[in-house]
Amino acid sequence: MKYLFLFISTFVFAQQTKTIDFTSVSAHLSLNTVEKSISGTVHYSFEVLNPTDTLKIDAQNMNFSKVLLNQMNVQYINSGKQLLIVYPFQKGKNKLTFDYTATPKQALYFVGSANSDDTQIWTQGQGRYTSNWFPSFDDVNEKLIFNLEIEFDSDFQVISNGVLKQKNNNGKKTIWQYQMEKPMSSYLLMLAIGKFEKKVQFSKNKISLELYLEKKDASRFEPTYRYSARIFNFLEKEIGVKYPWKIYKQVPVRDFLYAGMENTSATLFATRYVVDSTGFLDRNYTNVDAHELAHQWFGDLVTAASGKHHWLQEGFATYYALLAEKSIYGEDYFYSKMYESIQQIKYASRTDSIPILNEKASSLSFYQKGAWALFAMHQEIGDKAFKKIIKKYLKKHAYKNVTTEDFFAEVKKVSRFDTDSFSKEWLESTAINTPNVNKLLVKNKITKILLELDKIKSKPLAEKEGFFKLILMSDAHYSAKVMVVNQLRNEIFEAKKPFLELVMNSKNLHVRQALAYSLPKIPEEFRMDYESLLDDDSYQTQEIALLYLWRNFPKHRLDYLEKSKEWIGFNDYNLRTLWLSLVLMTPEYAANKQDVIDELMNYSSEKYEATTRQNALEKLIGFQIINDTVLINLVKSTTHHMWQFSKFGRDTIRTLLKNQEYKDAFLRILPSLDKKEQFQLNRLLN
């Protein structure tokens, strides 16, 4: 009987969109931060297209009650993965209502302490499945209109898809009612809760752009969202189709799994992109901003029918993000990025045997090679025809699912472009046609220089020094100068000194940063020049310059530490944690070492994001400062939702367990841990 059930549920999954059309869903949801759970009442409207005996909704590890079909009790099966309604369905419209509860293991994340100001709750549906927190559909071809009511503590902001229709106080709680008007796939459903401040801007077409930040980051608003409105206006004009939703929201959340995620009408992105003006040089939000916004058309408006056609989302979003950046930073920037990405693609093609038109293709293929394919097509077809194709493609398939063939059909209507040859070269092969690629690159002066530099990279310095000087003294884009600096890296100092002096006289921070990284060993005669890097408006440059100077010049360590003692850096405290570790390695520096250790331990605690915690733990363990607090914080990392951080925790504990003293210490702290932490530690101990 079990095997029969499995067969039926698989069959239902494959066939359901042909027999049942879900049109809309509304729900009232509540969240419990202590239990990290969600509960709600859900109302689905659907139409039976062809008679069937089973209806399926994806629902991972949920409990159900009050299941009603057209207000009548109905038989249902909860498989642990799906809610199945067993009933002799006939053609016609129906309503399904039920209550549910869930404690999701993924896709819905509770960050910070329960019942405190630092609580954040957010979702990630793509690749994780919304069906972990909301009974919905893992099949992207099932599109419907979502309307959510979320009840939560009145002190917090609650953000979801669509327009906020109502906000009603209910004692200490507020009910936020969000409404969509057009259908979308379930993976694009989102929720974000936290103590945010909101600023509203408007696009040229009067779309409301809601830009959020945590209150503590209010001063970072301008550099974080510097180009957001400009990108919005550019993409709407470039794509040629009006933004398809009523509103657009952007929300940075702590410990986010990726750079960003394009939920319908609302992007969530990682707080690492919340920067001040100094941090802007190194890790600004511009590209992520443009990429996720482009997905509102390519992914949200038209959605790839299967993983095989994923490039229709990621390749398009990557390409349009680069076009947006070109409008801001110029053509040389755009072409230098195209050059950089094709070098990565070429290198990967040596071992990568999976082409773009395969659901198992690499991210590099879907994103970068997909963008390159569009660039090649755009260049051959011409701008006017390309824009016409995109416009027709989006309008024809709006709010539907698409395949590569759907896109090619629109290409063929507008031009005589050979889609078969294009597909074989770019989408069905991992080989790169270098002559064709170079023809596209040499249209720009900066990529001509980059290609020439690549040709001569193995030649002796004496044969290329004239070319190097010409580039460094010119107004060429910084990418060429950075390439020169990188080629100088392994040359002896005396030979490259004249070039380095030219770089130090440059005002370009990218070029100066390349020099900072290229000199792990700094000669005394170049010390004062190199010290000027400590004053550059770049936290990344300051970090590497401080570290290299401290290593190279012991007699000046006190000066360097005194100069940098107030530095914090990015919101992951990169400069502060470096300074603390250097103080611990400088006995002669006048500081209370216990205060330094306590501060480093504090950064390893749950008050901070995973990157800060890991950075602090690495330094503490490196210094053999390993007490119960450090061990507890290390075990806590093993239960974190970010796999990189939890893996770091597990790997580090395995290493420490080789020492009996630490094994005894882990056994001693075991009773003080919660159940999840005890489970993880016991697995490692055993």
# chains A, B, ... in the order shown; residues from 1 in each chain; ligands from 1
call {"tool": "residues_around", "arguments": {"residues": "range 135-137 of chain A", "least_positions_apart": "5", "cutoff": "9 Å", "atoms": "only C-alpha atoms", "output": "ChimeraX atom specification"}}
result
/A:42,56-60,62,82-83,100,129-130,142-143,185-187
call {"tool": "select_by_dssp", "arguments": {"residues": "range 69-259 of chain A", "states": "strand (DSSP E)", "output": "PDB file with C-alpha atoms, in the first residue's frame"}}
result
ATOM      1  CA  LEU A  69     -13.475  21.500   1.037  1.00  0.00           C
ATOM      2  CA  MET A  72     -17.415  20.528   4.303  1.00  0.00           C
ATOM      3  CA  ASN A  73     -15.109  18.114   6.124  1.00  0.00           C
ATOM      4  CA  TYR A  76      -6.991  14.096   3.719  1.00  0.00           C
ATOM      5  CA  ILE A  77      -3.556  12.474   4.002  1.00  0.00           C
ATOM      6  CA  ASN A  78      -0.545  14.169   5.578  1.00  0.00           C
ATOM      7  CA  GLN A  82       2.460  16.814   1.131  1.00  0.00           C
ATOM      8  CA  LEU A  83      -1.134  17.490   2.088  1.00  0.00           C
ATOM      9  CA  LEU A  84      -3.299  15.302  -0.165  1.00  0.00           C
ATOM     10  CA  ILE A  85      -7.055  15.727  -0.428  1.00  0.00           C
ATOM     11  CA  VAL A  86      -8.739  12.521  -1.552  1.00  0.00           C
ATOM     12  CA  TYR A  87     -12.077  13.322  -3.234  1.00  0.00           C
ATOM     13  CA  PRO A  88     -13.896  12.660  -6.553  1.00  0.00           C
ATOM     14  CA  PHE A  89     -13.241  16.130  -8.003  1.00  0.00           C
ATOM     15  CA  GLY A  92     -15.605  23.541 -11.570  1.00  0.00           C
ATOM     16  CA  LYS A  93     -14.473  26.081  -8.987  1.00  0.00           C
ATOM     17  CA  ASN A  94     -13.728  25.105  -5.379  1.00  0.00           C
ATOM     18  CA  LYS A  95     -12.398  26.423  -2.088  1.00  0.00           C
ATOM     19  CA  LEU A  96     -10.093  24.618   0.349  1.00  0.00           C
ATOM     20  CA  THR A  97      -9.541  25.859   3.914  1.00  0.00           C
ATOM     21  CA  PHE A  98      -7.310  24.492   6.671  1.00  0.00           C
ATOM     22  CA  ASP A  99      -5.217  25.384   9.711  1.00  0.00           C
ATOM     23  CA  TYR A 100      -1.562  24.404   9.945  1.00  0.00           C
ATOM     24  CA  THR A 101       1.503  24.634  12.189  1.00  0.00           C
ATOM     25  CA  ALA A 102       5.183  24.134  11.319  1.00  0.00           C
ATOM     26  CA  LEU A 108      12.197  30.379   7.295  1.00  0.00           C
ATOM     27  CA  TYR A 109      14.962  31.684   9.572  1.00  0.00           C
ATOM     28  CA  PHE A 110      14.840  33.217  13.043  1.00  0.00           C
ATOM     29  CA  VAL A 111      17.937  35.350  13.693  1.00  0.00           C
ATOM     30  CA  GLN A 120      14.848  39.166  12.687  1.00  0.00           C
ATOM     31  CA  ILE A 121      12.768  36.664  10.757  1.00  0.00           C
ATOM     32  CA  TRP A 122      13.155  36.178   7.016  1.00  0.00           C
ATOM     33  CA  THR A 123      12.490  33.637   4.290  1.00  0.00           C
ATOM     34  CA  LYS A 143       1.371  30.280 -10.423  1.00  0.00           C
ATOM     35  CA  LEU A 144      -1.263  31.937  -8.274  1.00  0.00           C
ATOM     36  CA  ILE A 145      -2.106  35.187  -6.503  1.00  0.00           C
ATOM     37  CA  PHE A 146      -0.895  35.385  -2.887  1.00  0.00           C
ATOM     38  CA  ASN A 147      -2.420  37.577  -0.165  1.00  0.00           C
ATOM     39  CA  LEU A 148      -0.975  37.329   3.347  1.00  0.00           C
ATOM     40  CA  GLU A 149      -2.054  38.666   6.715  1.00  0.00           C
ATOM     41  CA  ILE A 150       0.755  38.472   9.279  1.00  0.00           C
ATOM     42  CA  GLU A 151       0.210  39.020  12.980  1.00  0.00           C
ATOM     43  CA  PHE A 152       3.264  40.039  15.003  1.00  0.00           C
ATOM     44  CA  ASP A 153       4.616  42.234  17.822  1.00  0.00           C
ATOM     45  CA  GLN A 157       8.098  46.043  10.866  1.00  0.00           C
ATOM     46  CA  VAL A 158       6.526  43.211   8.857  1.00  0.00           C
ATOM     47  CA  ILE A 159       7.210  43.084   5.109  1.00  0.00           C
ATOM     48  CA  SER A 160       5.733  40.751   2.503  1.00  0.00           C
ATOM     49  CA  VAL A 163       0.942  46.359  -1.459  1.00  0.00           C
ATOM     50  CA  LEU A 164       0.184  46.895   2.230  1.00  0.00           C
ATOM     51  CA  LYS A 165      -3.621  47.195   2.176  1.00  0.00           C
ATOM     52  CA  GLN A 166      -4.285  47.428   5.892  1.00  0.00           C
ATOM     53  CA  LYS A 167      -2.486  47.559   9.203  1.00  0.00           C
ATOM     54  CA  ASN A 168      -4.609  46.942  12.299  1.00  0.00           C
ATOM     55  CA  ASN A 169      -3.534  46.995  15.920  1.00  0.00           C
ATOM     56  CA  ASN A 170      -4.648  44.041  18.006  1.00  0.00           C
ATOM     57  CA  LYS A 173       0.248  42.898  18.176  1.00  0.00           C
ATOM     58  CA  THR A 174      -0.382  44.329  14.721  1.00  0.00           C
ATOM     59  CA  ILE A 175      -1.953  42.579  11.732  1.00  0.00           C
ATOM     60  CA  TRP A 176      -0.283  43.487   8.426  1.00  0.00           C
ATOM     61  CA  GLN A 177      -2.366  42.731   5.336  1.00  0.00           C
ATOM     62  CA  TYR A 178      -0.446  42.442   2.059  1.00  0.00           C
ATOM     63  CA  GLN A 179      -2.060  41.940  -1.331  1.00  0.00           C
ATOM     64  CA  MET A 184       3.533  34.154  -9.191  1.00  0.00           C
ATOM     65  CA  SER A 185       5.401  30.945  -8.353  1.00  0.00           C
ATOM     66  CA  LEU A 191       8.406  37.448   4.668  1.00  0.00           C
ATOM     67  CA  ALA A 192      10.786  39.758   6.549  1.00  0.00           C
ATOM     68  CA  ILE A 193      10.337  40.949  10.122  1.00  0.00           C
ATOM     69  CA  GLY A 194      12.655  43.223  12.085  1.00  0.00           C
ATOM     70  CA  PHE A 196      13.681  48.548  10.274  1.00  0.00           C
ATOM     71  CA  GLU A 197      13.428  52.158   9.222  1.00  0.00           C
ATOM     72  CA  LYS A 198      11.918  52.886   5.816  1.00  0.00           C
ATOM     73  CA  LYS A 199      12.557  55.623   3.286  1.00  0.00           C
ATOM     74  CA  VAL A 200      10.391  55.946   0.186  1.00  0.00           C
ATOM     75  CA  GLN A 201      11.545  57.154  -3.214  1.00  0.00           C
ATOM     76  CA  PHE A 202       9.588  57.138  -6.476  1.00  0.00           C
ATOM     77  CA  SER A 208       6.922  53.406  -4.865  1.00  0.00           C
ATOM     78  CA  LEU A 209      10.459  52.265  -3.956  1.00  0.00           C
ATOM     79  CA  GLU A 210      10.553  51.292  -0.279  1.00  0.00           C
ATOM     80  CA  LEU A 211      14.132  51.141   1.008  1.00  0.00           C
ATOM     81  CA  TYR A 212      14.728  49.605   4.425  1.00  0.00           C
ATOM     82  CA  LEU A 213      17.615  49.604   6.910  1.00  0.00           C
ATOM     83  CA  GLU A 214      18.016  48.646  10.534  1.00  0.00           C
ATOM     84  CA  ILE A 247       5.570  48.396  -5.526  1.00  0.00           C
ATOM     85  CA  TYR A 248       9.237  47.508  -4.990  1.00  0.00           C
ATOM     86  CA  LYS A 249      10.870  46.879  -1.609  1.00  0.00           C
ATOM     87  CA  GLN A 250      14.498  46.216  -0.645  1.00  0.00           C
ATOM     88  CA  VAL A 251      15.416  44.849   2.777  1.00  0.00           C
ATOM     89  CA  PRO A 252      18.868  43.909   4.149  1.00  0.00           C
ATOM     90  CA  VAL A 253      18.722  40.997   6.609  1.00  0.00           C
TER      91      VAL A 253
END
call {"tool": "residues_around", "arguments": {"residues": "range 667-675 of chain A", "least_positions_apart": "5", "cutoff": "9 Å", "atoms": "only C-alpha atoms", "output": "ChimeraX atom specification"}}
result
/A:628,631-632,635-636,662,680-682,685
call {"tool": "residues_around", "arguments": {"residues": "range 281-292 of chain A", "least_positions_apart": "6", "cutoff": "8 Å", "atoms": "only C-alpha atoms", "output": "ChimeraX atom specification"}}
result
/A:223-228,231-232,259-262,267,272-275,317-318,320-322,324-325,537-540
call {"tool": "residues_around", "arguments": {"residues": "Thr403 in chain A", "least_positions_apart": "2", "cutoff": "9 Å", "atoms": "only C-alpha atoms", "output": "PyMOL selection string"}}
result
chain A and resi 303-306+308-310+312+401+405-408
call {"tool": "write_last_selection", "arguments": {"atoms": "all heavy atoms", "output": "JSON list (two decimals), in the first residue's frame"}}
result
[["chain", "number", "residue", "atom", "x", "y", "z"],
["A", 303, "THR", "N", 8.89, 33.01, -15.79],
["A", 303, "THR", "CA", 9.64, 32.07, -14.95],
["A", 303, "THR", "C", 10.03, 30.85, -15.76],
["A", 303, "THR", "O", 9.19, 30.27, -16.46],
["A", 303, "THR", "CB", 8.77, 31.64, -13.74],
["A", 303, "THR", "OG1", 8.27, 32.81, -13.08],
["A", 303, "THR", "CG2", 9.57, 30.80, -12.76],
["A", 304, "ALA", "N", 11.29, 30.46, -15.66],
["A", 304, "ALA", "CA", 11.77, 29.27, -16.38],
["A", 304, "ALA", "C", 10.93, 28.05, -15.99],
["A", 304, "ALA", "O", 10.69, 27.81, -14.80],
["A", 304, "ALA", "CB", 13.24, 29.02, -16.07],
["A", 305, "ALA", "N", 10.51, 27.28, -16.98],
["A", 305, "ALA", "CA", 9.62, 26.14, -16.74],
["A", 305, "ALA", "C", 10.32, 25.00, -15.99],
["A", 305, "ALA", "O", 9.66, 24.18, -15.35],
["A", 305, "ALA", "CB", 9.07, 25.63, -18.07],
["A", 306, "SER", "N", 11.66, 24.95, -16.08],
["A", 306, "SER", "CA", 12.41, 23.91, -15.38],
["A", 306, "SER", "C", 13.85, 24.35, -15.23],
["A", 306, "SER", "O", 14.28, 25.35, -15.82],
["A", 306, "SER", "CB", 12.36, 22.59, -16.17],
["A", 306, "SER", "OG", 13.10, 22.71, -17.37],
["A", 308, "LYS", "N", 16.45, 23.23, -16.48],
["A", 308, "LYS", "CA", 17.18, 23.22, -17.75],
["A", 308, "LYS", "C", 17.25, 24.62, -18.36],
["A", 308, "LYS", "O", 18.21, 24.97, -19.04],
["A", 308, "LYS", "CB", 16.48, 22.25, -18.73],
["A", 308, "LYS", "CG", 17.11, 22.20, -20.11],
["A", 308, "LYS", "CD", 16.32, 21.28, -21.04],
["A", 308, "LYS", "CE", 16.90, 21.30, -22.46],
["A", 308, "LYS", "NZ", 16.13, 20.45, -23.38],
["A", 309, "HIS", "N", 16.23, 25.42, -18.11],
["A", 309, "HIS", "CA", 16.13, 26.76, -18.72],
["A", 309, "HIS", "C", 16.46, 27.88, -17.74],
["A", 309, "HIS", "O", 16.08, 29.03, -17.94],
["A", 309, "HIS", "CB", 14.73, 26.95, -19.30],
["A", 309, "HIS", "CG", 14.32, 25.86, -20.24],
["A", 309, "HIS", "ND1", 14.82, 25.76, -21.53],
["A", 309, "HIS", "CD2", 13.51, 24.77, -20.06],
["A", 309, "HIS", "CE1", 14.32, 24.68, -22.11],
["A", 309, "HIS", "NE2", 13.52, 24.07, -21.24],
["A", 310, "HIS", "N", 17.21, 27.52, -16.69],
["A", 310, "HIS", "CA", 17.52, 28.47, -15.61],
["A", 310, "HIS", "C", 18.29, 29.69, -16.11],
["A", 310, "HIS", "O", 18.22, 30.77, -15.51],
["A", 310, "HIS", "CB", 18.32, 27.74, -14.53],
["A", 310, "HIS", "CG", 18.43, 28.48, -13.23],
["A", 310, "HIS", "ND1", 17.36, 29.05, -12.59],
["A", 310, "HIS", "CD2", 19.51, 28.74, -12.44],
["A", 310, "HIS", "CE1", 17.76, 29.63, -11.47],
["A", 310, "HIS", "NE2", 19.06, 29.46, -11.36],
["A", 312, "LEU", "N", 17.57, 31.50, -18.49],
["A", 312, "LEU", "CA", 16.61, 32.54, -18.85],
["A", 312, "LEU", "C", 16.36, 33.49, -17.69],
["A", 312, "LEU", "O", 15.85, 34.60, -17.89],
["A", 312, "LEU", "CB", 15.28, 31.92, -19.29],
["A", 312, "LEU", "CG", 15.29, 31.11, -20.60],
["A", 312, "LEU", "CD1", 13.95, 30.43, -20.81],
["A", 312, "LEU", "CD2", 15.65, 31.99, -21.80],
["A", 401, "ASN", "N", 5.14, 30.63, -17.58],
["A", 401, "ASN", "CA", 6.42, 29.93, -17.57],
["A", 401, "ASN", "C", 6.97, 29.82, -18.98],
["A", 401, "ASN", "O", 6.20, 29.76, -19.95],
["A", 401, "ASN", "CB", 6.27, 28.55, -16.93],
["A", 401, "ASN", "CG", 5.89, 28.65, -15.47],
["A", 401, "ASN", "OD1", 4.73, 28.84, -15.13],
["A", 401, "ASN", "ND2", 6.88, 28.58, -14.60],
["A", 405, "GLU", "N", 13.09, 27.64, -26.02],
["A", 405, "GLU", "CA", 12.41, 27.65, -27.33],
["A", 405, "GLU", "C", 11.43, 28.82, -27.43],
["A", 405, "GLU", "O", 11.26, 29.40, -28.51],
["A", 405, "GLU", "CB", 11.67, 26.32, -27.57],
["A", 405, "GLU", "CG", 12.59, 25.13, -27.79],
["A", 405, "GLU", "CD", 13.37, 24.70, -26.56],
["A", 405, "GLU", "OE1", 12.84, 24.82, -25.43],
["A", 405, "GLU", "OE2", 14.53, 24.27, -26.72],
["A", 406, "ASP", "N", 10.76, 29.16, -26.33],
["A", 406, "ASP", "CA", 9.85, 30.32, -26.33],
["A", 406, "ASP", "C", 10.62, 31.60, -26.65],
["A", 406, "ASP", "O", 10.14, 32.45, -27.41],
["A", 406, "ASP", "CB", 9.17, 30.46, -24.96],
["A", 406, "ASP", "CG", 8.21, 29.33, -24.66],
["A", 406, "ASP", "OD1", 7.57, 28.83, -25.60],
["A", 406, "ASP", "OD2", 8.10, 28.95, -23.48],
["A", 407, "PHE", "N", 11.79, 31.73, -26.05],
["A", 407, "PHE", "CA", 12.63, 32.91, -26.31],
["A", 407, "PHE", "C", 13.10, 32.93, -27.77],
["A", 407, "PHE", "O", 13.00, 33.95, -28.46],
["A", 407, "PHE", "CB", 13.81, 32.94, -25.35],
["A", 407, "PHE", "CG", 14.79, 34.05, -25.61],
["A", 407, "PHE", "CD1", 14.38, 35.37, -25.62],
["A", 407, "PHE", "CD2", 16.13, 33.78, -25.87],
["A", 407, "PHE", "CE1", 15.28, 36.41, -25.87],
["A", 407, "PHE", "CE2", 17.04, 34.80, -26.11],
["A", 407, "PHE", "CZ", 16.61, 36.12, -26.11],
["A", 408, "PHE", "N", 13.57, 31.78, -28.25],
["A", 408, "PHE", "CA", 14.05, 31.68, -29.63],
["A", 408, "PHE", "C", 12.94, 31.99, -30.64],
["A", 408, "PHE", "O", 13.20, 32.56, -31.70],
["A", 408, "PHE", "CB", 14.63, 30.30, -29.91],
["A", 408, "PHE", "CG", 16.01, 30.08, -29.33],
["A", 408, "PHE", "CD1", 16.57, 28.80, -29.32],
["A", 408, "PHE", "CD2", 16.75, 31.12, -28.80],
["A", 408, "PHE", "CE1", 17.84, 28.58, -28.79],
["A", 408, "PHE", "CE2", 18.02, 30.93, -28.28],
["A", 408, "PHE", "CZ", 18.57, 29.65, -28.27]]
call {"tool": "residues_around", "arguments": {"residues": "range 436-440 of chain A", "least_positions_apart": "5", "cutoff": "9 Å", "atoms": "only C-alpha atoms", "output": "list in words"}}
result
Ile342, Phe375, Ala376, Gln379, Thr447, Lys448 and Leu451 of chain A
call {"tool": "write_last_selection", "arguments": {"atoms": "all heavy atoms", "output": "PDB file, in the first residue's frame"}}
result
ATOM      1  N   ILE A 342      34.816  36.183 -18.992  1.00  0.00           N
ATOM      2  CA  ILE A 342      35.136  35.179 -20.018  1.00  0.00           C
ATOM      3  C   ILE A 342      36.427  34.445 -19.662  1.00  0.00           C
ATOM      4  O   ILE A 342      36.589  33.263 -20.006  1.00  0.00           O
ATOM      5  CB  ILE A 342      35.209  35.803 -21.438  1.00  0.00           C
ATOM      6  CG1 ILE A 342      35.005  34.720 -22.523  1.00  0.00           C
ATOM      7  CG2 ILE A 342      36.512  36.521 -21.667  1.00  0.00           C
ATOM      8  CD1 ILE A 342      33.645  34.081 -22.528  1.00  0.00           C
ATOM      9  N   PHE A 375      25.024  38.784 -24.585  1.00  0.00           N
ATOM     10  CA  PHE A 375      25.886  39.850 -25.113  1.00  0.00           C
ATOM     11  C   PHE A 375      26.233  39.570 -26.574  1.00  0.00           C
ATOM     12  O   PHE A 375      26.138  40.457 -27.432  1.00  0.00           O
ATOM     13  CB  PHE A 375      27.151  39.948 -24.254  1.00  0.00           C
ATOM     14  CG  PHE A 375      28.191  40.893 -24.786  1.00  0.00           C
ATOM     15  CD1 PHE A 375      27.908  42.232 -24.998  1.00  0.00           C
ATOM     16  CD2 PHE A 375      29.479  40.440 -25.065  1.00  0.00           C
ATOM     17  CE1 PHE A 375      28.891  43.107 -25.478  1.00  0.00           C
ATOM     18  CE2 PHE A 375      30.454  41.303 -25.543  1.00  0.00           C
ATOM     19  CZ  PHE A 375      30.154  42.638 -25.751  1.00  0.00           C
ATOM     20  N   ALA A 376      26.613  38.313 -26.865  1.00  0.00           N
ATOM     21  CA  ALA A 376      26.964  37.927 -28.242  1.00  0.00           C
ATOM     22  C   ALA A 376      25.762  38.101 -29.175  1.00  0.00           C
ATOM     23  O   ALA A 376      25.885  38.622 -30.293  1.00  0.00           O
ATOM     24  CB  ALA A 376      27.456  36.483 -28.267  1.00  0.00           C
ATOM     25  N   GLN A 379      24.978  41.878 -29.706  1.00  0.00           N
ATOM     26  CA  GLN A 379      25.927  42.512 -30.614  1.00  0.00           C
ATOM     27  C   GLN A 379      25.634  42.154 -32.075  1.00  0.00           C
ATOM     28  O   GLN A 379      25.726  42.994 -32.959  1.00  0.00           O
ATOM     29  CB  GLN A 379      27.357  42.097 -30.247  1.00  0.00           C
ATOM     30  CG  GLN A 379      27.843  42.654 -28.923  1.00  0.00           C
ATOM     31  CD  GLN A 379      27.983  44.165 -28.944  1.00  0.00           C
ATOM     32  OE1 GLN A 379      28.682  44.733 -29.774  1.00  0.00           O
ATOM     33  NE2 GLN A 379      27.291  44.846 -28.039  1.00  0.00           N
ATOM     34  N   THR A 447      39.559  46.594 -23.441  1.00  0.00           N
ATOM     35  CA  THR A 447      39.739  45.150 -23.583  1.00  0.00           C
ATOM     36  C   THR A 447      40.820  44.830 -24.604  1.00  0.00           C
ATOM     37  O   THR A 447      41.463  43.780 -24.521  1.00  0.00           O
ATOM     38  CB  THR A 447      38.411  44.445 -23.921  1.00  0.00           C
ATOM     39  OG1 THR A 447      37.653  45.252 -24.817  1.00  0.00           O
ATOM     40  CG2 THR A 447      37.600  44.193 -22.683  1.00  0.00           C
ATOM     41  N   LYS A 448      41.073  45.732 -25.555  1.00  0.00           N
ATOM     42  CA  LYS A 448      42.237  45.570 -26.441  1.00  0.00           C
ATOM     43  C   LYS A 448      43.511  45.534 -25.607  1.00  0.00           C
ATOM     44  O   LYS A 448      44.401  44.708 -25.817  1.00  0.00           O
ATOM     45  CB  LYS A 448      42.317  46.747 -27.425  1.00  0.00           C
ATOM     46  CG  LYS A 448      41.498  46.596 -28.685  1.00  0.00           C
ATOM     47  CD  LYS A 448      41.792  47.783 -29.594  1.00  0.00           C
ATOM     48  CE  LYS A 448      40.929  47.739 -30.848  1.00  0.00           C
ATOM     49  NZ  LYS A 448      41.130  48.950 -31.672  1.00  0.00           N
ATOM     50  N   LEU A 451      43.706  42.288 -23.486  1.00  0.00           N
ATOM     51  CA  LEU A 451      44.099  41.144 -24.315  1.00  0.00           C
ATOM     52  C   LEU A 451      45.591  41.195 -24.636  1.00  0.00           C
ATOM     53  O   LEU A 451      46.275  40.163 -24.643  1.00  0.00           O
ATOM     54  CB  LEU A 451      43.278  41.124 -25.606  1.00  0.00           C
ATOM     55  CG  LEU A 451      41.806  40.716 -25.464  1.00  0.00           C
ATOM     56  CD1 LEU A 451      41.023  41.069 -26.722  1.00  0.00           C
ATOM     57  CD2 LEU A 451      41.678  39.230 -25.168  1.00  0.00           C
TER      58      LEU A 451
END
call {"tool": "residues_around", "arguments": {"residues": "Asn32 in chain A", "least_positions_apart": "4", "cutoff": "9 Å", "atoms": "only C-alpha atoms", "output": "ChimeraX atom specification"}}
result
/A:36-39,114,152
call {"tool": "closest_residue", "arguments": {"among": "A:Trp133, A:Tyr329, A:Trp311, A:Phe499", "to": "Val482 in chain A", "atoms": "only C-alpha atoms"}}
result
A:Phe499
call {"tool": "closest_residue", "arguments": {"among": "A:Asn571, A:Glu238, A:Gly171, A:Ala516", "to": "Arg220 in chain A", "atoms": "only C-alpha atoms"}}
result
A:Asn571
call {"tool": "atom_distance", "arguments": {"atom1": "CA of Asn50 in chain A", "atom2": "CA of Asn70 in chain A"}}
result
17.9 Å
